[in-house]
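See structure below.
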Amino acid sequence: MSIPAILLPLFVQVALTFALLMWTGLRRFRLLRSRAVEAGEVSLGEKNWPAPAQQVANAFGNQFEVPVLFYVLVILAIYTRKADLLFVALSWIFVLTRFAHAAVYVSTNHVPYRFGAFVLGVLVLVVMWIIFAIRILAGPWPA
């Protein structure tokens with residue numbers, strides 16, 4: 001697989017993270033500007049933001065939990081030359097589950113749907129790690 005093909009799902013995941021960051025900032029800025037929230041109410045913790053702003057902030061924060069394992073795996077797969085079509089396909093599935101998770105979080109926030117997207121993404125990532133570990137442990141390591 002080419003490096004761009006391997007990295008494209010990672011770039012899309014990063015784009016999701018930045019989009020949620022900008023959306024969080026925009027929602028918070030509008031709340032402060034409209035005086036719906038006073039700066040002193042939220043200066044020490046995010047939990048005082050109204051639910052719609054907190055939902056987007058939580059979706060943003062979630063991009064620094066499980067996806068970190070995805071970033072590490074992509075880097076290792078490139079370095080060890082163990083990324084192939086299956087790896088890229090699973091990467092796309094993982095990224096799509098992250099989009100689904102974020103979409104539910106910032107819209108209905110229906111916990112069973114959000115949890116389903118989360119679990120599916122985790123399962124895909126676990127499978128990716130298992131396949132990678134088997135390939136590393138079973139095959140010759142490139143020089």
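Labeling convention for the structure tokens: chains A, B, ... as they appear, residues from 1 per chain, ligands from 1 in order of appearance.
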
Practice problem: Tell me, as a VMD selection string, which residues lie within 12 Å of Gly61 (chain A), counting only C-alpha atoms; anything in the same chain fewer than 4 positions away does not count. | Solution: chain A and resid 16 to 18 20 to 21 24 46 54 to 57 65 to 68 102 105

Since we have the selection now, will you write its residues out, keeping C-alpha atoms, as a PDB file, in the first residue's frame?
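What landed in selection09.pdb:
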ATOM      1  CA  LEU A  16     -12.739  15.319  12.502  1.00  0.00           C
ATOM      2  CA  THR A  17     -10.833  16.253  15.643  1.00  0.00           C
ATOM      3  CA  PHE A  18     -10.037  19.759  14.388  1.00  0.00           C
ATOM      4  CA  LEU A  20     -14.963  19.360  16.621  1.00  0.00           C
ATOM      5  CA  LEU A  21     -12.408  21.685  18.235  1.00  0.00           C
ATOM      6  CA  THR A  24     -16.591  23.689  20.395  1.00  0.00           C
ATOM      7  CA  GLU A  46     -16.352  22.660  31.498  1.00  0.00           C
ATOM      8  CA  GLN A  54     -20.808  20.399  26.362  1.00  0.00           C
ATOM      9  CA  GLN A  55     -21.891  17.676  23.939  1.00  0.00           C
ATOM     10  CA  VAL A  56     -19.581  19.016  21.230  1.00  0.00           C
ATOM     11  CA  ALA A  57     -16.774  19.493  23.758  1.00  0.00           C
ATOM     12  CA  GLU A  65      -8.941   8.568  23.965  1.00  0.00           C
ATOM     13  CA  VAL A  66      -9.312   5.459  21.764  1.00  0.00           C
ATOM     14  CA  PRO A  67      -8.096   7.189  18.558  1.00  0.00           C
ATOM     15  CA  VAL A  68      -4.649   7.602  20.139  1.00  0.00           C
ATOM     16  CA  ALA A 102     -19.334  12.032  17.179  1.00  0.00           C
ATOM     17  CA  TYR A 105     -22.856  12.748  20.543  1.00  0.00           C
TER      18      TYR A 105
END

Leaving out Leu96 (chain A) and any residue of its chain fewer than 2 positions from it, which residues lie within 10 Å of it when counting only C-alpha atoms, given as a compact mmCIF listing (two decimals) with all heavy atoms, in the first residue's frame?
# COMPACT_ATOMS: atom_id res chain seq x y z
N PRO A 9 -6.95 7.73 5.97
CA PRO A 9 -7.91 7.61 7.08
C PRO A 9 -7.44 8.37 8.34
O PRO A 9 -8.26 8.97 9.04
CB PRO A 9 -7.98 6.11 7.35
CG PRO A 9 -7.44 5.45 6.14
CD PRO A 9 -6.49 6.42 5.51
N VAL A 12 -8.20 12.00 7.86
CA VAL A 12 -9.64 12.25 8.03
C VAL A 12 -10.00 12.26 9.51
O VAL A 12 -10.79 13.10 9.97
CB VAL A 12 -10.48 11.23 7.23
CG1 VAL A 12 -11.96 11.34 7.56
CG2 VAL A 12 -10.24 11.41 5.73
N GLN A 13 -9.41 11.37 10.29
CA GLN A 13 -9.64 11.35 11.74
C GLN A 13 -9.13 12.65 12.37
O GLN A 13 -9.80 13.23 13.23
CB GLN A 13 -8.95 10.14 12.37
CG GLN A 13 -9.01 10.08 13.88
CD GLN A 13 -10.41 10.00 14.43
OE1 GLN A 13 -11.25 9.30 13.88
NE2 GLN A 13 -10.67 10.69 15.52
N LEU A 90 -9.80 -1.62 7.27
CA LEU A 90 -10.17 -1.56 8.70
C LEU A 90 -9.97 -0.16 9.25
O LEU A 90 -10.75 0.29 10.10
CB LEU A 90 -9.37 -2.59 9.50
CG LEU A 90 -9.74 -4.05 9.24
CD1 LEU A 90 -8.75 -4.99 9.93
CD2 LEU A 90 -11.16 -4.34 9.69
N SER A 91 -8.96 0.54 8.79
CA SER A 91 -8.74 1.93 9.22
C SER A 91 -9.94 2.79 8.86
O SER A 91 -10.41 3.59 9.67
CB SER A 91 -7.48 2.52 8.56
OG SER A 91 -6.33 1.88 9.02
N TRP A 92 -10.43 2.63 7.62
CA TRP A 92 -11.60 3.40 7.21
C TRP A 92 -12.83 3.05 8.04
O TRP A 92 -13.61 3.94 8.41
CB TRP A 92 -11.88 3.19 5.72
CG TRP A 92 -11.03 4.05 4.85
CD1 TRP A 92 -10.08 3.64 3.97
CD2 TRP A 92 -11.05 5.48 4.79
NE1 TRP A 92 -9.50 4.73 3.36
CE2 TRP A 92 -10.07 5.86 3.84
CE3 TRP A 92 -11.78 6.47 5.44
CZ2 TRP A 92 -9.83 7.20 3.53
CZ3 TRP A 92 -11.53 7.80 5.13
CH2 TRP A 92 -10.56 8.16 4.19
N ILE A 93 -13.01 1.78 8.33
CA ILE A 93 -14.15 1.39 9.17
C ILE A 93 -14.02 2.03 10.54
O ILE A 93 -15.00 2.57 11.08
CB ILE A 93 -14.27 -0.14 9.27
CG1 ILE A 93 -14.61 -0.73 7.90
CG2 ILE A 93 -15.31 -0.55 10.31
CD1 ILE A 93 -14.48 -2.25 7.82
N PHE A 94 -12.83 2.00 11.12
CA PHE A 94 -12.62 2.63 12.43
C PHE A 94 -12.96 4.12 12.37
O PHE A 94 -13.69 4.63 13.23
CB PHE A 94 -11.17 2.45 12.90
CG PHE A 94 -10.88 3.21 14.16
CD1 PHE A 94 -11.34 2.75 15.38
CD2 PHE A 94 -10.18 4.40 14.13
CE1 PHE A 94 -11.11 3.46 16.55
CE2 PHE A 94 -9.94 5.13 15.29
CZ PHE A 94 -10.41 4.65 16.50
N ARG A 98 -15.88 6.47 14.31
CA ARG A 98 -15.61 7.69 15.08
C ARG A 98 -16.52 8.82 14.63
O ARG A 98 -17.00 9.61 15.44
CB ARG A 98 -14.14 8.10 14.96
CG ARG A 98 -13.15 7.11 15.51
CD ARG A 98 -13.46 6.66 16.93
NE ARG A 98 -13.51 7.79 17.82
CZ ARG A 98 -14.08 7.79 19.01
NH1 ARG A 98 -14.64 6.71 19.49
NH2 ARG A 98 -14.09 8.88 19.75
N PHE A 99 -16.76 8.90 13.32
CA PHE A 99 -17.70 9.91 12.81
C PHE A 99 -19.11 9.62 13.33
O PHE A 99 -19.83 10.54 13.73
CB PHE A 99 -17.70 9.94 11.28
CG PHE A 99 -16.73 10.91 10.70
CD1 PHE A 99 -15.39 10.56 10.54
CD2 PHE A 99 -17.12 12.19 10.33
CE1 PHE A 99 -14.48 11.46 10.01
CE2 PHE A 99 -16.22 13.10 9.81
CZ PHE A 99 -14.89 12.73 9.64
N ALA A 100 -19.51 8.35 13.31
CA ALA A 100 -20.84 7.98 13.80
C ALA A 100 -20.96 8.32 15.28
O ALA A 100 -21.97 8.89 15.73
CB ALA A 100 -21.10 6.49 13.56
N HIS A 101 -19.94 7.99 16.06
CA HIS A 101 -19.94 8.28 17.49
C HIS A 101 -20.08 9.79 17.73
O HIS A 101 -20.90 10.23 18.53
CB HIS A 101 -18.64 7.75 18.11
CG HIS A 101 -18.55 7.96 19.59
ND1 HIS A 101 -17.90 9.04 20.14
CD2 HIS A 101 -19.00 7.22 20.63
CE1 HIS A 101 -17.96 8.97 21.46
NE2 HIS A 101 -18.62 7.86 21.77
N ALA A 102 -19.28 10.58 17.02
CA ALA A 102 -19.33 12.03 17.18
C ALA A 102 -20.69 12.58 16.73
O ALA A 102 -21.25 13.47 17.38
CB ALA A 102 -18.20 12.69 16.41
N ALA A 117 -21.70 2.65 18.41
CA ALA A 117 -20.64 3.15 17.53
C ALA A 117 -19.28 3.03 18.21
O ALA A 117 -18.29 2.65 17.58
CB ALA A 117 -20.92 4.59 17.13
N GLY A 121 -16.18 0.56 16.95
CA GLY A 121 -14.87 1.12 16.68
C GLY A 121 -13.78 0.46 17.50
O GLY A 121 -12.69 0.15 16.98

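For Pro52 (chain A), the non-local neighbours within 12 Å, defined as residues at least 3 positions apart in the same chain or in other chains and counting only C-alpha atoms, are A:Trp23, A:Thr24, A:Leu26, A:Arg27, A:Arg28, A:Arg30, A:Leu31, A:Lys47, A:Asn48, A:Trp49, A:Gln55, A:Val56, A:Ala57, A:Asn58, A:Ala59, A:Tyr105, A:Val106, A:Ser107, A:Thr108, A:Asn109.
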
Produce a file of the selected residues containing N, CA and C atoms, as a PDB file, in the first residue's frame.
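To be explicit, this is the file written out as again.pdb:
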ATOM      1  N   TRP A  23     -15.765  23.710  16.297  1.00  0.00           N
ATOM      2  CA  TRP A  23     -17.184  23.775  16.637  1.00  0.00           C
ATOM      3  C   TRP A  23     -17.352  24.067  18.119  1.00  0.00           C
ATOM      4  N   THR A  24     -16.547  23.428  18.947  1.00  0.00           N
ATOM      5  CA  THR A  24     -16.591  23.689  20.395  1.00  0.00           C
ATOM      6  C   THR A  24     -16.296  25.156  20.670  1.00  0.00           C
ATOM      7  N   LEU A  26     -16.530  27.735  18.676  1.00  0.00           N
ATOM      8  CA  LEU A  26     -17.584  28.591  18.142  1.00  0.00           C
ATOM      9  C   LEU A  26     -18.807  28.594  19.051  1.00  0.00           C
ATOM     10  N   ARG A  27     -19.221  27.415  19.500  1.00  0.00           N
ATOM     11  CA  ARG A  27     -20.393  27.351  20.403  1.00  0.00           C
ATOM     12  C   ARG A  27     -20.129  28.107  21.702  1.00  0.00           C
ATOM     13  N   ARG A  28     -18.951  27.918  22.248  1.00  0.00           N
ATOM     14  CA  ARG A  28     -18.623  28.581  23.511  1.00  0.00           C
ATOM     15  C   ARG A  28     -18.514  30.089  23.327  1.00  0.00           C
ATOM     16  N   ARG A  30     -20.035  31.937  21.126  1.00  0.00           N
ATOM     17  CA  ARG A  30     -21.381  32.494  20.957  1.00  0.00           C
ATOM     18  C   ARG A  30     -22.127  32.575  22.285  1.00  0.00           C
ATOM     19  N   LEU A  31     -21.961  31.581  23.126  1.00  0.00           N
ATOM     20  CA  LEU A  31     -22.618  31.611  24.438  1.00  0.00           C
ATOM     21  C   LEU A  31     -22.075  32.739  25.303  1.00  0.00           C
ATOM     22  N   LYS A  47     -17.981  21.690  32.986  1.00  0.00           N
ATOM     23  CA  LYS A  47     -19.293  21.124  33.307  1.00  0.00           C
ATOM     24  C   LYS A  47     -20.389  22.175  33.453  1.00  0.00           C
ATOM     25  N   ASN A  48     -20.020  23.448  33.509  1.00  0.00           N
ATOM     26  CA  ASN A  48     -21.026  24.492  33.635  1.00  0.00           C
ATOM     27  C   ASN A  48     -21.531  25.007  32.298  1.00  0.00           C
ATOM     28  N   TRP A  49     -21.005  24.489  31.201  1.00  0.00           N
ATOM     29  CA  TRP A  49     -21.499  24.899  29.889  1.00  0.00           C
ATOM     30  C   TRP A  49     -22.875  24.269  29.657  1.00  0.00           C
ATOM     31  N   GLN A  55     -21.860  18.864  24.792  1.00  0.00           N
ATOM     32  CA  GLN A  55     -21.891  17.676  23.939  1.00  0.00           C
ATOM     33  C   GLN A  55     -20.779  17.734  22.896  1.00  0.00           C
ATOM     34  N   VAL A  56     -20.625  18.880  22.246  1.00  0.00           N
ATOM     35  CA  VAL A  56     -19.581  19.016  21.230  1.00  0.00           C
ATOM     36  C   VAL A  56     -18.205  18.935  21.886  1.00  0.00           C
ATOM     37  N   ALA A  57     -18.053  19.555  23.046  1.00  0.00           N
ATOM     38  CA  ALA A  57     -16.774  19.493  23.758  1.00  0.00           C
ATOM     39  C   ALA A  57     -16.436  18.056  24.159  1.00  0.00           C
ATOM     40  N   ASN A  58     -17.428  17.308  24.588  1.00  0.00           N
ATOM     41  CA  ASN A  58     -17.191  15.907  24.950  1.00  0.00           C
ATOM     42  C   ASN A  58     -16.820  15.083  23.715  1.00  0.00           C
ATOM     43  N   ALA A  59     -17.494  15.337  22.586  1.00  0.00           N
ATOM     44  CA  ALA A  59     -17.161  14.627  21.354  1.00  0.00           C
ATOM     45  C   ALA A  59     -15.721  14.940  20.941  1.00  0.00           C
ATOM     46  N   TYR A 105     -23.174  11.929  19.366  1.00  0.00           N
ATOM     47  CA  TYR A 105     -22.856  12.748  20.543  1.00  0.00           C
ATOM     48  C   TYR A 105     -23.365  14.175  20.383  1.00  0.00           C
ATOM     49  N   VAL A 106     -23.160  14.772  19.191  1.00  0.00           N
ATOM     50  CA  VAL A 106     -23.510  16.181  19.007  1.00  0.00           C
ATOM     51  C   VAL A 106     -24.952  16.388  18.570  1.00  0.00           C
ATOM     52  N   SER A 107     -25.681  15.309  18.326  1.00  0.00           N
ATOM     53  CA  SER A 107     -27.077  15.458  17.913  1.00  0.00           C
ATOM     54  C   SER A 107     -28.012  14.933  19.006  1.00  0.00           C
ATOM     55  N   THR A 108     -28.477  13.733  18.862  1.00  0.00           N
ATOM     56  CA  THR A 108     -29.448  13.186  19.813  1.00  0.00           C
ATOM     57  C   THR A 108     -28.811  12.791  21.134  1.00  0.00           C
ATOM     58  N   ASN A 109     -27.524  12.469  21.090  1.00  0.00           N
ATOM     59  CA  ASN A 109     -26.796  11.958  22.253  1.00  0.00           C
ATOM     60  C   ASN A 109     -27.508  10.733  22.854  1.00  0.00           C
TER      61      ASN A 109
END

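Coordinates place CA of Lys82 (chain A) at a distance of 24.3 Å from CA of Phe64 (chain A).
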
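Between Leu86 (chain A) and the candidates A:Glu41, A:Pro4, A:Ala15, A:Ile131, the tightest atom-to-atom separation, counting only C-alpha atoms, involves A:Ile131.
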
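Residues in contact with Thr80 (chain A) at up to 12 Å, not including ones fewer than 3 positions away on its chain and judged by only C-alpha atoms, are Leu73, Val74, Ile75, Leu76, Ala77, Ala83, Asp84, Phe132, Ala133, Arg135, Ile136, Leu137, Gly139, Pro140, Trp141, Pro142 and Ala143 of chain A.
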
Take the residues just selected and output them with all heavy atoms as a short mmCIF file (atom, residue, chain, number, x, y, z; two decimals), in the first residue's frame.
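For reference, part.cif as written:
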data_model
loop_
_atom_site.label_atom_id
_atom_site.label_comp_id
_atom_site.auth_asym_id
_atom_site.auth_seq_id
_atom_site.Cartn_x
_atom_site.Cartn_y
_atom_site.Cartn_z
N LEU A 73 -0.88 2.85 16.01
CA LEU A 73 -0.88 1.67 15.14
C LEU A 73 -0.54 2.04 13.70
O LEU A 73 0.24 1.33 13.04
CB LEU A 73 -2.23 0.96 15.21
CG LEU A 73 -2.38 -0.30 14.38
CD1 LEU A 73 -1.32 -1.34 14.76
CD2 LEU A 73 -3.77 -0.87 14.54
N VAL A 74 -1.09 3.12 13.20
CA VAL A 74 -0.79 3.54 11.83
C VAL A 74 0.70 3.83 11.68
O VAL A 74 1.34 3.39 10.72
CB VAL A 74 -1.64 4.76 11.41
CG1 VAL A 74 -1.16 5.32 10.08
CG2 VAL A 74 -3.12 4.37 11.33
N ILE A 75 1.26 4.54 12.63
CA ILE A 75 2.69 4.86 12.58
C ILE A 75 3.52 3.57 12.61
O ILE A 75 4.45 3.41 11.81
CB ILE A 75 3.07 5.79 13.74
CG1 ILE A 75 2.41 7.15 13.55
CG2 ILE A 75 4.59 5.93 13.87
CD1 ILE A 75 2.43 8.02 14.79
N LEU A 76 3.18 2.65 13.50
CA LEU A 76 3.91 1.39 13.58
C LEU A 76 3.76 0.55 12.31
O LEU A 76 4.72 -0.07 11.85
CB LEU A 76 3.46 0.59 14.80
CG LEU A 76 3.88 1.13 16.16
CD1 LEU A 76 3.19 0.36 17.28
CD2 LEU A 76 5.39 1.07 16.30
N ALA A 77 2.56 0.55 11.76
CA ALA A 77 2.33 -0.24 10.54
C ALA A 77 3.13 0.31 9.36
O ALA A 77 3.63 -0.46 8.54
CB ALA A 77 0.83 -0.27 10.22
N ALA A 83 1.33 -2.54 6.72
CA ALA A 83 0.02 -2.04 6.30
C ALA A 83 -0.29 -2.55 4.89
O ALA A 83 0.54 -2.42 4.00
CB ALA A 83 0.01 -0.52 6.34
N ASP A 84 -1.46 -3.12 4.73
CA ASP A 84 -1.90 -3.62 3.43
C ASP A 84 -3.34 -3.18 3.20
O ASP A 84 -3.86 -2.34 3.94
CB ASP A 84 -1.75 -5.14 3.37
CG ASP A 84 -2.57 -5.88 4.43
OD1 ASP A 84 -3.29 -5.22 5.21
OD2 ASP A 84 -2.48 -7.12 4.49
N PHE A 132 -1.95 -6.97 13.43
CA PHE A 132 -0.61 -6.37 13.40
C PHE A 132 0.36 -7.15 14.27
O PHE A 132 1.47 -7.47 13.85
CB PHE A 132 -0.68 -4.91 13.85
CG PHE A 132 0.65 -4.23 13.93
CD1 PHE A 132 1.34 -3.87 12.78
CD2 PHE A 132 1.23 -3.97 15.17
CE1 PHE A 132 2.58 -3.25 12.86
CE2 PHE A 132 2.47 -3.35 15.26
CZ PHE A 132 3.15 -2.99 14.10
N ALA A 133 -0.05 -7.49 15.48
CA ALA A 133 0.83 -8.24 16.40
C ALA A 133 1.19 -9.60 15.81
O ALA A 133 2.36 -10.01 15.88
CB ALA A 133 0.16 -8.40 17.76
N ARG A 135 1.29 -10.44 12.66
CA ARG A 135 2.20 -10.23 11.52
C ARG A 135 3.62 -9.90 12.00
O ARG A 135 4.59 -10.34 11.39
CB ARG A 135 1.67 -9.12 10.62
CG ARG A 135 0.45 -9.55 9.83
CD ARG A 135 -0.11 -8.43 9.01
NE ARG A 135 -1.22 -8.91 8.20
CZ ARG A 135 -1.98 -8.12 7.47
NH1 ARG A 135 -1.75 -6.83 7.42
NH2 ARG A 135 -2.95 -8.63 6.76
N ILE A 136 3.72 -9.14 13.05
CA ILE A 136 5.05 -8.79 13.58
C ILE A 136 5.72 -10.02 14.19
O ILE A 136 6.89 -10.29 13.94
CB ILE A 136 4.94 -7.66 14.63
CG1 ILE A 136 4.58 -6.34 13.96
CG2 ILE A 136 6.22 -7.53 15.44
CD1 ILE A 136 5.64 -5.80 13.02
N LEU A 137 4.96 -10.75 14.99
CA LEU A 137 5.55 -11.89 15.70
C LEU A 137 5.80 -13.10 14.79
O LEU A 137 6.69 -13.89 15.07
CB LEU A 137 4.64 -12.28 16.87
CG LEU A 137 4.49 -11.20 17.95
CD1 LEU A 137 3.46 -11.61 18.96
CD2 LEU A 137 5.82 -10.87 18.59
N GLY A 139 6.19 -13.03 11.22
CA GLY A 139 6.91 -12.86 9.95
C GLY A 139 8.27 -12.21 10.13
O GLY A 139 8.62 -11.74 11.21
N PRO A 140 9.04 -12.23 9.06
CA PRO A 140 10.35 -11.55 9.13
C PRO A 140 10.15 -10.06 9.22
O PRO A 140 9.22 -9.50 8.62
CB PRO A 140 11.01 -11.94 7.81
CG PRO A 140 9.88 -12.29 6.89
CD PRO A 140 8.78 -12.82 7.76
N TRP A 141 10.99 -9.44 9.97
CA TRP A 141 10.91 -7.99 10.16
C TRP A 141 11.80 -7.31 9.14
O TRP A 141 12.98 -7.63 9.03
CB TRP A 141 11.34 -7.65 11.58
CG TRP A 141 10.78 -6.38 12.09
CD1 TRP A 141 9.50 -6.16 12.44
CD2 TRP A 141 11.47 -5.16 12.32
NE1 TRP A 141 9.32 -4.86 12.87
CE2 TRP A 141 10.55 -4.23 12.80
CE3 TRP A 141 12.78 -4.75 12.14
CZ2 TRP A 141 10.87 -2.93 13.12
CZ3 TRP A 141 13.11 -3.45 12.48
CH2 TRP A 141 12.17 -2.54 12.96
N PRO A 142 11.26 -6.36 8.35
CA PRO A 142 12.08 -5.72 7.32
C PRO A 142 13.23 -4.93 7.93
O PRO A 142 13.09 -4.35 9.00
CB PRO A 142 11.12 -4.81 6.58
CG PRO A 142 9.95 -4.65 7.47
CD PRO A 142 9.91 -5.83 8.39
N ALA A 143 14.33 -4.91 7.20
CA ALA A 143 15.52 -4.19 7.65
C ALA A 143 15.37 -2.71 7.43
O ALA A 143 14.62 -2.23 6.68
CB ALA A 143 16.76 -4.71 6.95
#

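Here the DSSP assignment of helix (DSSP H, G or I), based on backbone atoms, applies within region 33-70 of chain A to Arg33, Ala39, Gly40, Glu41, Val42, Glu46, Lys47, Asn48, Ala51, Pro52, Ala53, Gln54, Gln55, Val56, Ala57, Asn58, Ala59, Phe60, Gly61, Asn62, Val66, Pro67, Val68, Leu69 and Phe70 of chain A.
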
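Residues in contact with Leu69 (chain A) at 10 Å, where only C-alpha atoms are counted and same-chain residues fewer than 6 positions away are skipped, are listed as Val122, Leu125, Val126 and Trp129 of chain A.
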
Residues as selected, C-alpha atoms, written as an mmCIF file, in the first residue's frame, can you do that?
data_model
loop_
_atom_site.group_PDB
_atom_site.id
_atom_site.type_symbol
_atom_site.label_atom_id
_atom_site.label_comp_id
_atom_site.auth_asym_id
_atom_site.auth_seq_id
_atom_site.Cartn_x
_atom_site.Cartn_y
_atom_site.Cartn_z
ATOM 1 C CA VAL A 122 -13.055 -0.446 19.618
ATOM 2 C CA LEU A 125 -9.239 -1.390 16.474
ATOM 3 C CA VAL A 126 -8.662 -4.495 18.599
ATOM 4 C CA TRP A 129 -3.925 -4.593 16.717
#
